[in-house]
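Q: Dropping the structure in here first, questions after.
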Amino acid sequence: MNAPVTTTGVRAEPRRPGVRRRTSPRGALAAFLRGTAGAALLTLAFEVFARLELVDPRLLPPAGVILGEALRLLVDPAFLVEVWATLVAVLGGVALAAAIAVPLGVLIGSYRLAALGLTPIIDSLRSVPGIAIIPLLVLVMGQGVSMKVTIVAFVAVWPLLFNTVYGVRGVDPVAMETARAFRVPVHRTWWRVVLPSALPLVLTGLRLALATGLTVGIAAEIAVGTRDGVGYFILRASYAGFHADTVFAAVTLAGVLGYLMNGITVALTNRLVVWDGKGPS
Amino acid sequence: MSAAHAPAGRRAGGLAQGLLARLGPVVLAVLLWQWAALAAGSPFFPPPGRIAGRVAELWFSEPLLTERFWQDAGPSVLRALTGWLAGAALGVVVGLAAGLWKAAAGYVDPPVNFLRSLPKPAIVPVFLLVFGSGDLMRIGLITFGCVWPVLLNTMQGVRSVDPMYLETARAFHIPPRTQLLRVVIPAALPKIFAGMRVTLSLSLILMVLSEWLLADHGLGHFLITAQRTFEILDVWAAIVLLGLLGYLLNVLFLAAERRVLRSRPS
Amino acid sequence: MTALQVSNLSKSYGEGNPALHNLSFEVREGELLSIVGPSGCGKTTLLKCVAGLVPATRGEVRVHGEEVSGVPEGLAVVFQDYGRSLFPWMKVGQNVEFPLETLRLPKAERQERVERSLAAVGLEGKHERYPWQLSGGMQQRVAIARALAYRPKVLLMDEPFASVDAQTRSGLEDLTRRVHLEFGMTILFVTHDIDESVYLADRLVVLRRSPGSVLAELVIELPRVRDQIVTKSLPAFVRQRSVVAQHIKDAS
Ligand SMILES: Nc1ncnc2c1ncn2[C@@H]1O[C@H](COP(=O)(O)OP(=O)(O)O)[C@@H](O)[C@H]1O
Ligand SMILES: [Mg+2]
């Protein structure tokens, strides 16, 4: 079975005592300003590249134009409906994946025999690039939201599963022994000891699952899949006369969506697991 | 059984048990699938036996691999791997520079984070239309998609180098080039590999997607054609082949990773 | 009455790795028995066998006459690693209350016990803190409060004060002695510190190393109510601590 991963995909390490950086409001403002400056620089570079007109400007509009169009899309109900469609599919799929992956991960992480028996099945399923089953799903389930939810769930289940397994295996044996010494029953131990202890890693899995889910959900919308969603919007704007500014603006906003989803999960994690890193080494 | 044989006997028994626990559920799952598929008779769910037969017939006969295999899978895999490697190389080089330049961190991170969060499939239509659908452009597309996670991880890896190491290196007057090669890069390697593991599957997604939208050969093209002509068995066969390739690439990658990282504590 | 009886107990972790060999002793109801021995002599192993957390290889443990297989009822453990034994995701109050939920006590009674036991260890009003916001000594007091709230008949303590500073340690020793008298439960107290073992105990068992077995047993002849300065300068204390020290020195 695969090693667990953190957001950046790196092998997660056991909890270590560490101080979470607490930024003061002023520090946060400075960081925000620096980030904005960096983003502005990137935008400027894009602007210059576009203005050089190495590529036909009808195909590659300058940044200023794209940003203007993005602002327009942000208040355009026709676009927001598509964002909503994508969001519903991604959140629904990830929720379904979590409902499967977390209990299964607790099982696999707790019982060696379950790990032994299920690993080959999981490894073979996981090897299939999620995108490959989209055509089949379209045939079976049609192009509706259930197809999108299913494909998102199929790809989102793995990071959640592996991180849960790893989190469960990482539960401190002394904590488990304490629960046993007080004769706490198994189900309550899972609920009150194992899951909270695994929560930081599970949430990291959730962050990865959301990113992968959004990637594949949009891929499904672009590929063949659907008649709605951000991906469909981009595809339509690309092929119906190619409104370059609209397409680029929509792509940018899709990036913002991914960025926000990531940021919200991070914020949620920080609120939910105040204790993470506070334990002993 | 005599006492002297007991441990060996127990070991053999344990081995058999382990094998049973490992393979039993898989075999059971496949048998169940076969039985369910036969019982249901749904056109969408052919029994695994027929799928396996189709896979063998299409790609794995006449001694080992058919001509079709090279036609269908060859170019696709080559494109994905080239794009993936180019993306990784670019990500590492830029990531090293950006990671070492500490003052730039606050400015660089948010845009890179944004580009990493950008759902890459969204750029596929744009890329194909703006830059065309030639092989080079497809590879460029995959490269663009694969750069950001590696870049971000490299930067973080470089920054996470224990300052003690660098202070020690400086104290011993070790030249910067050696510091980079012997201290910074080795310390960042696990994160670099982690980024590359993420982008390996991303490269396959982008490859398949780009072949769906515009291509006249390749695995993605095969898959989408099979779907459009309702050749369900071929759709399943393509899924299995992609799964096999995904598995193989992952195994190779993990082996390489283990070799490179073997000298470090896990 | 015998609260706890250990007979011919042996424990090995895998073949040829014995940790305990043929240990026998008993603890009477309401007694505080110290077990003292050098690091690695199998004290934790012994305690886990008594608690039913690991199975014995040979021999048996009886708690109130019942043979131990699995954790017996009415028993609580205070682990050496308080930091790992307190759950960092639960506040202090929740940590103390958690084992009570399994006892199916009504909420009001649970609250009452939490209050009382936190007060008994001098941590009134700290319910809403997280354990990691407290000092090491305070954390170990939370662990003791958790055990007290459980109202065990037998309390096992595994080097509970080994990782706190000396001053805090004296305070915690007195606290242990006080709650022992106040709550009247049987306590099995494991330590590698000779002074501590003599100061706390009604009776004392000295263990030898590799594999752990009983080296000596002695009754401590000190008054029931003790004081760090007064008791430790009593001739009886001084004599008995050197007896124990001599035993351990001879064995090594
Ligand atoms: N889970 C275990 N597996 C194997 N050996 C162990 C285990 N726990 C303890 N031991 C060994 O048993 C011996 C006694 O250990 P322990 O009971 O922890 O001693 P103490 O608590 O007196 O320091 C030591 O040699 C230790 O290495
Ligand atoms: Mg110990």
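Residue numbering restarts at 1 in every chain; chains get A, B, ... in the order shown in the structure tokens, and ligands count up from 1 in that same order.
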Using only C-alpha atoms and a cut-off of 7 Å, which residues of chain B sit close to chain A? Please list them as a tab-separated table (two decimals) with all heavy atoms, in the first residue's frame.

A:
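iface06.tsv was written with the following content:
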chain	number	residue	atom	x	y	z
B	21	ALA	N	-4.67	-15.07	2.73
B	21	ALA	CA	-5.24	-13.78	3.12
B	21	ALA	C	-5.00	-12.74	2.04
B	21	ALA	O	-5.82	-11.87	1.79
B	21	ALA	CB	-4.62	-13.31	4.43
B	22	ARG	N	-3.85	-12.86	1.37
B	22	ARG	CA	-3.49	-11.88	0.35
B	22	ARG	C	-4.30	-12.07	-0.92
B	22	ARG	O	-4.84	-11.14	-1.50
B	22	ARG	CB	-2.01	-12.03	0.01
B	22	ARG	CG	-1.20	-10.80	0.29
B	22	ARG	CD	0.23	-11.10	-0.06
B	22	ARG	NE	0.99	-11.38	1.15
B	22	ARG	CZ	1.59	-10.43	1.86
B	22	ARG	NH1	1.54	-9.18	1.48
B	22	ARG	NH2	2.26	-10.73	2.93
B	23	LEU	N	-4.32	-13.34	-1.40
B	23	LEU	CA	-4.90	-13.60	-2.72
B	23	LEU	C	-6.37	-14.00	-2.65
B	23	LEU	O	-7.11	-13.77	-3.60
B	23	LEU	CB	-4.09	-14.70	-3.43
B	23	LEU	CG	-2.67	-14.27	-3.74
B	23	LEU	CD1	-1.91	-15.37	-4.48
B	23	LEU	CD2	-2.67	-12.99	-4.59
B	25	PRO	N	-9.13	-12.82	-1.18
B	25	PRO	CA	-10.14	-11.80	-1.50
B	25	PRO	C	-10.12	-11.37	-2.96
B	25	PRO	O	-11.19	-11.14	-3.54
B	25	PRO	CB	-9.75	-10.64	-0.58
B	25	PRO	CG	-9.05	-11.29	0.56
B	25	PRO	CD	-8.30	-12.44	-0.04
B	26	VAL	N	-8.93	-11.28	-3.58
B	26	VAL	CA	-8.88	-10.86	-5.00
B	26	VAL	C	-9.58	-11.88	-5.86
B	26	VAL	O	-10.43	-11.55	-6.70
B	26	VAL	CB	-7.43	-10.74	-5.50
B	26	VAL	CG1	-7.39	-9.93	-6.78
B	26	VAL	CG2	-6.53	-10.15	-4.46
B	44	PHE	N	-23.39	-3.45	-20.53
B	44	PHE	CA	-22.32	-2.54	-20.08
B	44	PHE	C	-21.29	-3.23	-19.21
B	44	PHE	O	-20.21	-2.72	-19.01
B	44	PHE	CB	-22.92	-1.38	-19.29
B	44	PHE	CG	-23.80	-0.50	-20.11
B	44	PHE	CD1	-25.08	-0.17	-19.71
B	44	PHE	CD2	-23.33	0.01	-21.32
B	44	PHE	CE1	-25.88	0.64	-20.48
B	44	PHE	CE2	-24.13	0.82	-22.10
B	44	PHE	CZ	-25.41	1.14	-21.68
B	106	GLY	N	7.89	35.20	-0.10
B	106	GLY	CA	6.57	35.79	0.06
B	106	GLY	C	5.92	36.19	-1.25
B	106	GLY	O	4.71	36.19	-1.39
B	107	TYR	N	6.78	36.54	-2.23
B	107	TYR	CA	6.24	36.99	-3.52
B	107	TYR	C	5.94	35.80	-4.43
B	107	TYR	O	5.01	35.82	-5.21
B	107	TYR	CB	7.23	37.92	-4.22
B	107	TYR	CG	7.58	39.13	-3.39
B	107	TYR	CD1	8.67	39.13	-2.54
B	107	TYR	CD2	6.78	40.28	-3.44
B	107	TYR	CE1	8.98	40.22	-1.76
B	107	TYR	CE2	7.08	41.39	-2.66
B	107	TYR	CZ	8.18	41.36	-1.82
B	107	TYR	OH	8.47	42.44	-1.05
B	108	VAL	N	6.78	34.78	-4.35
B	108	VAL	CA	6.68	33.67	-5.29
B	108	VAL	C	5.57	32.70	-4.91
B	108	VAL	O	4.85	32.19	-5.75
B	108	VAL	CB	8.04	32.92	-5.37
B	108	VAL	CG1	7.91	31.68	-6.21
B	108	VAL	CG2	9.10	33.85	-5.92
B	110	PRO	N	2.45	32.63	-3.39
B	110	PRO	CA	1.03	32.67	-3.77
B	110	PRO	C	0.78	32.40	-5.26
B	110	PRO	O	-0.08	31.58	-5.57
B	110	PRO	CB	0.59	34.08	-3.35
B	110	PRO	CG	1.54	34.44	-2.27
B	110	PRO	CD	2.85	33.83	-2.67
B	111	PRO	N	1.52	33.03	-6.18
B	111	PRO	CA	1.25	32.71	-7.59
B	111	PRO	C	1.51	31.23	-7.91
B	111	PRO	O	0.72	30.61	-8.63
B	111	PRO	CB	2.23	33.60	-8.37
B	111	PRO	CG	2.67	34.63	-7.43
B	111	PRO	CD	2.51	34.11	-6.06
B	114	PHE	N	-1.26	29.24	-6.63
B	114	PHE	CA	-2.42	29.41	-7.50
B	114	PHE	C	-2.30	28.51	-8.73
B	114	PHE	O	-3.22	27.81	-9.09
B	114	PHE	CB	-2.54	30.88	-7.92
B	114	PHE	CG	-3.54	31.10	-9.02
B	114	PHE	CD1	-4.89	31.10	-8.73
B	114	PHE	CD2	-3.12	31.28	-10.33
B	114	PHE	CE1	-5.82	31.28	-9.74
B	114	PHE	CE2	-4.05	31.47	-11.34
B	114	PHE	CZ	-5.40	31.47	-11.04
B	115	LEU	N	-1.12	28.54	-9.35
B	115	LEU	CA	-0.95	27.74	-10.57
B	115	LEU	C	-1.03	26.25	-10.26
B	115	LEU	O	-1.45	25.46	-11.10
B	115	LEU	CB	0.38	28.09	-11.23
B	115	LEU	CG	0.32	29.44	-11.94
B	115	LEU	CD1	1.70	29.96	-12.26
B	115	LEU	CD2	-0.52	29.34	-13.21
B	117	SER	N	-2.97	25.03	-7.91
B	117	SER	CA	-4.38	24.73	-7.64
B	117	SER	C	-5.23	24.76	-8.90
B	117	SER	O	-6.35	24.27	-8.91
B	117	SER	CB	-4.97	25.73	-6.66
B	117	SER	OG	-4.13	25.90	-5.55
B	118	LEU	N	-4.70	25.39	-9.95
B	118	LEU	CA	-5.45	25.48	-11.19
B	118	LEU	C	-5.76	24.07	-11.70
B	118	LEU	O	-4.86	23.27	-11.90
B	118	LEU	CB	-4.58	26.21	-12.22
B	118	LEU	CG	-5.18	26.51	-13.58
B	118	LEU	CD1	-6.16	27.66	-13.48
B	118	LEU	CD2	-4.09	26.84	-14.58
B	119	PRO	N	-7.04	23.75	-11.87
B	119	PRO	CA	-7.35	22.41	-12.38
B	119	PRO	C	-6.84	22.28	-13.82
B	119	PRO	O	-7.37	22.93	-14.72
B	119	PRO	CB	-8.88	22.33	-12.32
B	119	PRO	CG	-9.35	23.58	-11.69
B	119	PRO	CD	-8.23	24.56	-11.62
B	120	LYS	N	-5.78	21.48	-13.98
B	120	LYS	CA	-5.09	21.47	-15.27
B	120	LYS	C	-5.95	21.11	-16.47
B	120	LYS	O	-5.73	21.65	-17.56
B	120	LYS	CB	-3.88	20.54	-15.20
B	120	LYS	CG	-2.86	20.90	-14.13
B	120	LYS	CD	-2.44	22.33	-14.19
B	120	LYS	CE	-1.53	22.72	-13.03
B	120	LYS	NZ	-2.10	22.46	-11.70
B	121	PRO	N	-6.92	20.21	-16.34
B	121	PRO	CA	-7.72	19.90	-17.54
B	121	PRO	C	-8.36	21.14	-18.14
B	121	PRO	O	-8.61	21.18	-19.34
B	121	PRO	CB	-8.78	18.94	-16.99
B	121	PRO	CG	-8.12	18.27	-15.85
B	121	PRO	CD	-7.27	19.33	-15.21
B	122	ALA	N	-8.60	22.17	-17.32
B	122	ALA	CA	-9.24	23.37	-17.84
B	122	ALA	C	-8.40	24.04	-18.92
B	122	ALA	O	-8.92	24.73	-19.80
B	122	ALA	CB	-9.50	24.35	-16.69
B	123	ILE	N	-7.09	23.83	-18.87
B	123	ILE	CA	-6.25	24.51	-19.87
B	123	ILE	C	-6.11	23.70	-21.14
B	123	ILE	O	-5.56	24.19	-22.13
B	123	ILE	CB	-4.83	24.81	-19.32
B	123	ILE	CG1	-4.17	23.51	-18.89
B	123	ILE	CG2	-4.87	25.83	-18.21
B	123	ILE	CD1	-2.71	23.65	-18.62
B	125	PRO	N	-8.26	22.58	-23.58
B	125	PRO	CA	-8.81	23.14	-24.82
B	125	PRO	C	-8.05	24.39	-25.25
B	125	PRO	O	-7.75	24.57	-26.44
B	125	PRO	CB	-10.25	23.49	-24.47
B	125	PRO	CG	-10.53	22.88	-23.16
B	125	PRO	CD	-9.25	22.54	-22.50
B	126	VAL	N	-7.74	25.24	-24.27
B	126	VAL	CA	-7.03	26.48	-24.57
B	126	VAL	C	-5.70	26.18	-25.23
B	126	VAL	O	-5.35	26.74	-26.27
B	126	VAL	CB	-6.77	27.26	-23.27
B	126	VAL	CG1	-6.20	28.61	-23.58
B	126	VAL	CG2	-8.02	27.35	-22.45
B	130	VAL	N	-4.69	27.38	-28.89
B	130	VAL	CA	-3.72	28.47	-29.03
B	130	VAL	C	-2.42	27.97	-29.65
B	130	VAL	O	-1.86	28.60	-30.55
B	130	VAL	CB	-3.45	29.12	-27.66
B	130	VAL	CG1	-2.35	30.16	-27.77
B	130	VAL	CG2	-4.72	29.76	-27.13
B	153	ASN	N	7.04	21.82	-4.36
B	153	ASN	CA	7.68	20.89	-3.42
B	153	ASN	C	9.18	21.12	-3.32
B	153	ASN	O	9.75	21.02	-2.24
B	153	ASN	CB	7.41	19.45	-3.85
B	153	ASN	CG	6.09	18.94	-3.31
B	153	ASN	OD1	5.23	19.72	-2.96
B	153	ASN	ND2	5.96	17.64	-3.24
B	191	LYS	N	10.96	15.43	-1.00
B	191	LYS	CA	9.83	16.28	-1.41
B	191	LYS	C	9.74	16.34	-2.92
B	191	LYS	O	8.65	16.39	-3.49
B	191	LYS	CB	9.99	17.67	-0.82
B	191	LYS	CG	9.56	17.74	0.62
B	191	LYS	CD	8.81	19.04	0.89
B	191	LYS	CE	7.74	18.82	1.94
B	191	LYS	NZ	6.81	19.93	2.05
B	194	ALA	N	8.14	13.26	-4.02
B	194	ALA	CA	6.71	13.28	-3.69
B	194	ALA	C	5.93	14.09	-4.72
B	194	ALA	O	4.86	13.68	-5.16
B	194	ALA	CB	6.51	13.86	-2.30
B	195	GLY	N	6.50	15.22	-5.13
B	195	GLY	CA	5.85	16.02	-6.16
B	195	GLY	C	5.75	15.26	-7.46
B	195	GLY	O	4.73	15.29	-8.16
B	198	VAL	N	2.92	12.78	-7.55
B	198	VAL	CA	1.63	13.40	-7.83
B	198	VAL	C	1.48	13.68	-9.31
B	198	VAL	O	0.44	13.44	-9.92
B	198	VAL	CB	1.48	14.70	-7.01
B	198	VAL	CG1	0.23	15.45	-7.43
B	198	VAL	CG2	1.42	14.39	-5.53
B	201	SER	N	0.58	10.73	-12.17
B	201	SER	CA	-0.81	10.40	-12.53
B	201	SER	C	-1.45	11.56	-13.27
B	201	SER	O	-2.28	11.36	-14.16
B	201	SER	CB	-1.61	10.01	-11.31
B	201	SER	OG	-1.49	10.98	-10.32
B	205	ILE	N	-3.52	11.68	-16.97
B	205	ILE	CA	-4.83	12.32	-17.17
B	205	ILE	C	-4.76	13.29	-18.34
B	205	ILE	O	-5.61	13.28	-19.23
B	205	ILE	CB	-5.25	13.09	-15.88
B	205	ILE	CG1	-5.57	12.11	-14.76
B	205	ILE	CG2	-6.44	14.00	-16.16
B	205	ILE	CD1	-5.99	12.77	-13.47
B	209	LEU	N	-6.78	13.03	-21.86
B	209	LEU	CA	-7.72	14.11	-22.18
B	209	LEU	C	-7.35	14.80	-23.49
B	209	LEU	O	-8.21	15.08	-24.33
B	209	LEU	CB	-7.72	15.13	-21.03
B	209	LEU	CG	-8.84	16.15	-21.07
B	209	LEU	CD1	-10.19	15.45	-21.01
B	209	LEU	CD2	-8.71	17.13	-19.92
B	212	TRP	N	-8.44	12.82	-26.33
B	212	TRP	CA	-9.88	12.78	-26.57
B	212	TRP	C	-10.32	13.96	-27.42
B	212	TRP	O	-11.21	13.86	-28.23
B	212	TRP	CB	-10.64	12.85	-25.24
B	212	TRP	CG	-10.64	11.56	-24.50
B	212	TRP	CD1	-10.16	10.38	-24.98
B	212	TRP	CD2	-11.14	11.32	-23.20
B	212	TRP	NE1	-10.32	9.41	-24.03
B	212	TRP	CE2	-10.92	9.95	-22.93
B	212	TRP	CE3	-11.75	12.11	-22.23
B	212	TRP	CZ2	-11.30	9.37	-21.73
B	212	TRP	CZ3	-12.11	11.52	-21.04
B	212	TRP	CH2	-11.90	10.16	-20.78
B	213	LEU	N	-9.69	15.08	-27.15
B	213	LEU	CA	-10.16	16.28	-27.80
B	213	LEU	C	-9.67	16.36	-29.24
B	213	LEU	O	-10.43	16.70	-30.13
B	213	LEU	CB	-9.71	17.52	-27.02
B	213	LEU	CG	-10.38	17.66	-25.65
B	213	LEU	CD1	-10.02	18.98	-25.00
B	213	LEU	CD2	-11.89	17.53	-25.75
B	224	ILE	N	-11.94	6.66	-26.69
B	224	ILE	CA	-13.10	7.50	-27.01
B	224	ILE	C	-13.81	6.97	-28.26
B	224	ILE	O	-15.03	7.06	-28.39
B	224	ILE	CB	-12.69	8.98	-27.14
B	224	ILE	CG1	-13.84	9.88	-26.73
B	224	ILE	CG2	-12.22	9.33	-28.51
B	224	ILE	CD1	-14.17	9.81	-25.27
B	227	GLN	N	-15.96	4.17	-27.29
B	227	GLN	CA	-17.18	4.62	-26.62
B	227	GLN	C	-18.20	5.12	-27.64
B	227	GLN	O	-19.36	4.81	-27.57
B	227	GLN	CB	-16.84	5.72	-25.61
B	227	GLN	CG	-18.03	6.09	-24.73
B	227	GLN	CD	-18.24	7.58	-24.60
B	227	GLN	OE1	-17.80	8.35	-25.47
B	227	GLN	NE2	-18.90	7.98	-23.53
B	235	VAL	N	-13.98	-0.60	-24.66
B	235	VAL	CA	-13.88	0.42	-23.60
B	235	VAL	C	-13.27	-0.22	-22.36
B	235	VAL	O	-12.31	0.31	-21.77
B	235	VAL	CB	-15.27	1.01	-23.27
B	235	VAL	CG1	-15.19	1.90	-22.03
B	235	VAL	CG2	-15.82	1.78	-24.45
B	239	ILE	N	-9.64	0.46	-20.47
B	239	ILE	CA	-9.53	0.79	-19.05
B	239	ILE	C	-8.50	-0.12	-18.38
B	239	ILE	O	-7.63	0.33	-17.62
B	239	ILE	CB	-10.90	0.65	-18.35
B	239	ILE	CG1	-11.84	1.74	-18.85
B	239	ILE	CG2	-10.74	0.72	-16.83
B	239	ILE	CD1	-13.25	1.61	-18.33
B	242	LEU	N	-4.97	0.81	-19.46
B	242	LEU	CA	-4.53	2.02	-18.77
B	242	LEU	C	-4.19	1.72	-17.31
B	242	LEU	O	-3.22	2.25	-16.77
B	242	LEU	CB	-5.60	3.10	-18.86
B	242	LEU	CG	-5.54	3.96	-20.12
B	242	LEU	CD1	-6.82	4.74	-20.32
B	242	LEU	CD2	-4.35	4.93	-20.05
B	243	GLY	N	-4.99	0.85	-16.72
B	243	GLY	CA	-4.71	0.44	-15.35
B	243	GLY	C	-3.37	-0.26	-15.25
B	243	GLY	O	-2.57	0.00	-14.35
B	246	GLY	N	-0.65	2.25	-15.69
B	246	GLY	CA	-0.55	3.07	-14.48
B	246	GLY	C	0.18	2.31	-13.38
B	246	GLY	O	1.05	2.85	-12.70
B	247	TYR	N	-0.18	1.04	-13.24
B	247	TYR	CA	0.44	0.21	-12.21
B	247	TYR	C	1.93	0.06	-12.46
B	247	TYR	O	2.76	0.27	-11.58
B	247	TYR	CB	-0.22	-1.15	-12.19
B	247	TYR	CG	0.23	-2.04	-11.06
B	247	TYR	CD1	-0.23	-1.82	-9.77
B	247	TYR	CD2	1.13	-3.07	-11.28
B	247	TYR	CE1	0.19	-2.60	-8.73
B	247	TYR	CE2	1.57	-3.85	-10.23
B	247	TYR	CZ	1.10	-3.62	-8.95
B	247	TYR	OH	1.52	-4.40	-7.92

Q: Counting only C-alpha atoms and all ligand atoms, what residues are within 8 Å of ligand 2, given as a PyMOL selection string?

A: chain C and resi 39-40+42-45+80+158-159

Q: For the selection you just gave me, I'd like the residues written to a file as a PDB file, in the first residue's frame, keeping all heavy atoms.

A:
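Result went into again.pdb, see below:
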ATOM      1  N   SER C  39      16.316   0.386  35.730  1.00  0.00           N
ATOM      2  CA  SER C  39      15.664   0.514  34.432  1.00  0.00           C
ATOM      3  C   SER C  39      15.813  -0.778  33.644  1.00  0.00           C
ATOM      4  O   SER C  39      16.863  -1.399  33.670  1.00  0.00           O
ATOM      5  CB  SER C  39      16.294   1.647  33.641  1.00  0.00           C
ATOM      6  OG  SER C  39      15.671   2.846  33.955  1.00  0.00           O
ATOM      7  N   GLY C  40      14.758  -1.162  32.969  1.00  0.00           N
ATOM      8  CA  GLY C  40      14.816  -2.332  32.103  1.00  0.00           C
ATOM      9  C   GLY C  40      14.672  -3.645  32.838  1.00  0.00           C
ATOM     10  O   GLY C  40      14.871  -4.711  32.254  1.00  0.00           O
ATOM     11  N   GLY C  42      11.960  -4.827  33.990  1.00  0.00           N
ATOM     12  CA  GLY C  42      10.659  -5.444  33.715  1.00  0.00           C
ATOM     13  C   GLY C  42       9.521  -4.880  34.538  1.00  0.00           C
ATOM     14  O   GLY C  42       8.468  -5.502  34.644  1.00  0.00           O
ATOM     15  N   LYS C  43       9.691  -3.681  35.094  1.00  0.00           N
ATOM     16  CA  LYS C  43       8.649  -3.099  35.931  1.00  0.00           C
ATOM     17  C   LYS C  43       7.387  -2.799  35.114  1.00  0.00           C
ATOM     18  O   LYS C  43       6.278  -3.135  35.518  1.00  0.00           O
ATOM     19  CB  LYS C  43       9.167  -1.816  36.589  1.00  0.00           C
ATOM     20  CG  LYS C  43      10.385  -2.031  37.482  1.00  0.00           C
ATOM     21  CD  LYS C  43      10.804  -0.770  38.193  1.00  0.00           C
ATOM     22  CE  LYS C  43      11.220   0.351  37.259  1.00  0.00           C
ATOM     23  NZ  LYS C  43      12.458   0.058  36.497  1.00  0.00           N
ATOM     24  N   THR C  44       7.597  -2.164  33.953  1.00  0.00           N
ATOM     25  CA  THR C  44       6.447  -1.837  33.118  1.00  0.00           C
ATOM     26  C   THR C  44       5.752  -3.112  32.644  1.00  0.00           C
ATOM     27  O   THR C  44       4.524  -3.200  32.634  1.00  0.00           O
ATOM     28  CB  THR C  44       6.903  -0.992  31.912  1.00  0.00           C
ATOM     29  OG1 THR C  44       7.449   0.230  32.398  1.00  0.00           O
ATOM     30  CG2 THR C  44       5.758  -0.701  30.980  1.00  0.00           C
ATOM     31  N   THR C  45       6.572  -4.110  32.293  1.00  0.00           N
ATOM     32  CA  THR C  45       6.012  -5.382  31.856  1.00  0.00           C
ATOM     33  C   THR C  45       5.147  -5.992  32.952  1.00  0.00           C
ATOM     34  O   THR C  45       4.030  -6.443  32.701  1.00  0.00           O
ATOM     35  CB  THR C  45       7.154  -6.335  31.485  1.00  0.00           C
ATOM     36  OG1 THR C  45       7.980  -5.714  30.509  1.00  0.00           O
ATOM     37  CG2 THR C  45       6.618  -7.639  30.938  1.00  0.00           C
ATOM     38  N   GLN C  80       3.629   6.229  32.866  1.00  0.00           N
ATOM     39  CA  GLN C  80       4.786   7.108  32.993  1.00  0.00           C
ATOM     40  C   GLN C  80       4.697   8.268  32.016  1.00  0.00           C
ATOM     41  O   GLN C  80       5.005   9.410  32.343  1.00  0.00           O
ATOM     42  CB  GLN C  80       6.067   6.302  32.726  1.00  0.00           C
ATOM     43  CG  GLN C  80       7.292   7.181  32.618  1.00  0.00           C
ATOM     44  CD  GLN C  80       8.568   6.385  32.480  1.00  0.00           C
ATOM     45  OE1 GLN C  80       8.555   5.164  32.491  1.00  0.00           O
ATOM     46  NE2 GLN C  80       9.676   7.084  32.368  1.00  0.00           N
ATOM     47  N   ASP C 158       2.913   3.620  37.063  1.00  0.00           N
ATOM     48  CA  ASP C 158       4.167   3.211  36.454  1.00  0.00           C
ATOM     49  C   ASP C 158       5.126   4.392  36.378  1.00  0.00           C
ATOM     50  O   ASP C 158       4.999   5.240  35.497  1.00  0.00           O
ATOM     51  CB  ASP C 158       3.904   2.655  35.049  1.00  0.00           C
ATOM     52  CG  ASP C 158       5.170   2.120  34.417  1.00  0.00           C
ATOM     53  OD1 ASP C 158       6.183   2.012  35.112  1.00  0.00           O
ATOM     54  OD2 ASP C 158       5.133   1.807  33.201  1.00  0.00           O
ATOM     55  N   GLU C 159       6.080   4.443  37.254  1.00  0.00           N
ATOM     56  CA  GLU C 159       7.033   5.558  37.319  1.00  0.00           C
ATOM     57  C   GLU C 159       6.378   6.887  36.968  1.00  0.00           C
ATOM     58  O   GLU C 159       6.832   7.580  36.070  1.00  0.00           O
ATOM     59  CB  GLU C 159       8.204   5.311  36.352  1.00  0.00           C
ATOM     60  CG  GLU C 159       8.853   3.965  36.580  1.00  0.00           C
ATOM     61  CD  GLU C 159      10.273   3.913  36.069  1.00  0.00           C
ATOM     62  OE1 GLU C 159      10.971   4.933  36.222  1.00  0.00           O
ATOM     63  OE2 GLU C 159      10.670   2.877  35.525  1.00  0.00           O
TER      64      GLU C 159
END

Q: Taking only C-alpha atoms and all ligand atoms into account, list the residues no farther than 12 Å from ligand 1, as a ChimeraX atom specification.

A: /A:173-174 /C:10-21,35-49,53-55,79-81,157-160,162,189-193,206-213

Q: Write out as a VMD selection string the residues lying within 6 Å of range 74-85 of chain B, counting only C-alpha atoms and excluding same-chain residues fewer than 6 positions away.

A: chain B and resid 139 142 to 143 146 203 to 204 207 218

Q: How would the residues just picked look written out with N, CA and C atoms as a compact mmCIF listing (two decimals), in the first residue's frame?

A:
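Listing of part_17.txt after writing:
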# COMPACT_ATOMS: atom_id res chain seq x y z
N ILE B 139 3.05 17.69 -25.60
CA ILE B 139 4.07 17.51 -24.56
C ILE B 139 4.20 18.78 -23.72
N ILE B 142 1.46 18.89 -21.18
CA ILE B 142 1.71 18.02 -20.03
C ILE B 142 2.81 18.61 -19.15
N THR B 143 3.84 19.15 -19.80
CA THR B 143 4.91 19.80 -19.05
C THR B 143 4.37 20.92 -18.17
N CYS B 146 2.64 19.63 -15.22
CA CYS B 146 3.44 18.90 -14.23
C CYS B 146 4.47 19.77 -13.52
N SER B 203 0.04 13.43 -15.40
CA SER B 203 0.48 13.38 -16.80
C SER B 203 -0.37 12.38 -17.60
N LEU B 204 -0.76 11.30 -16.97
CA LEU B 204 -1.62 10.34 -17.66
C LEU B 204 -3.00 10.95 -17.95
N MET B 207 -2.65 13.41 -20.77
CA MET B 207 -2.41 12.69 -22.02
C MET B 207 -3.73 12.18 -22.58
N GLY B 218 -3.43 6.80 -30.54
CA GLY B 218 -3.14 6.84 -29.10
C GLY B 218 -4.25 6.19 -28.31
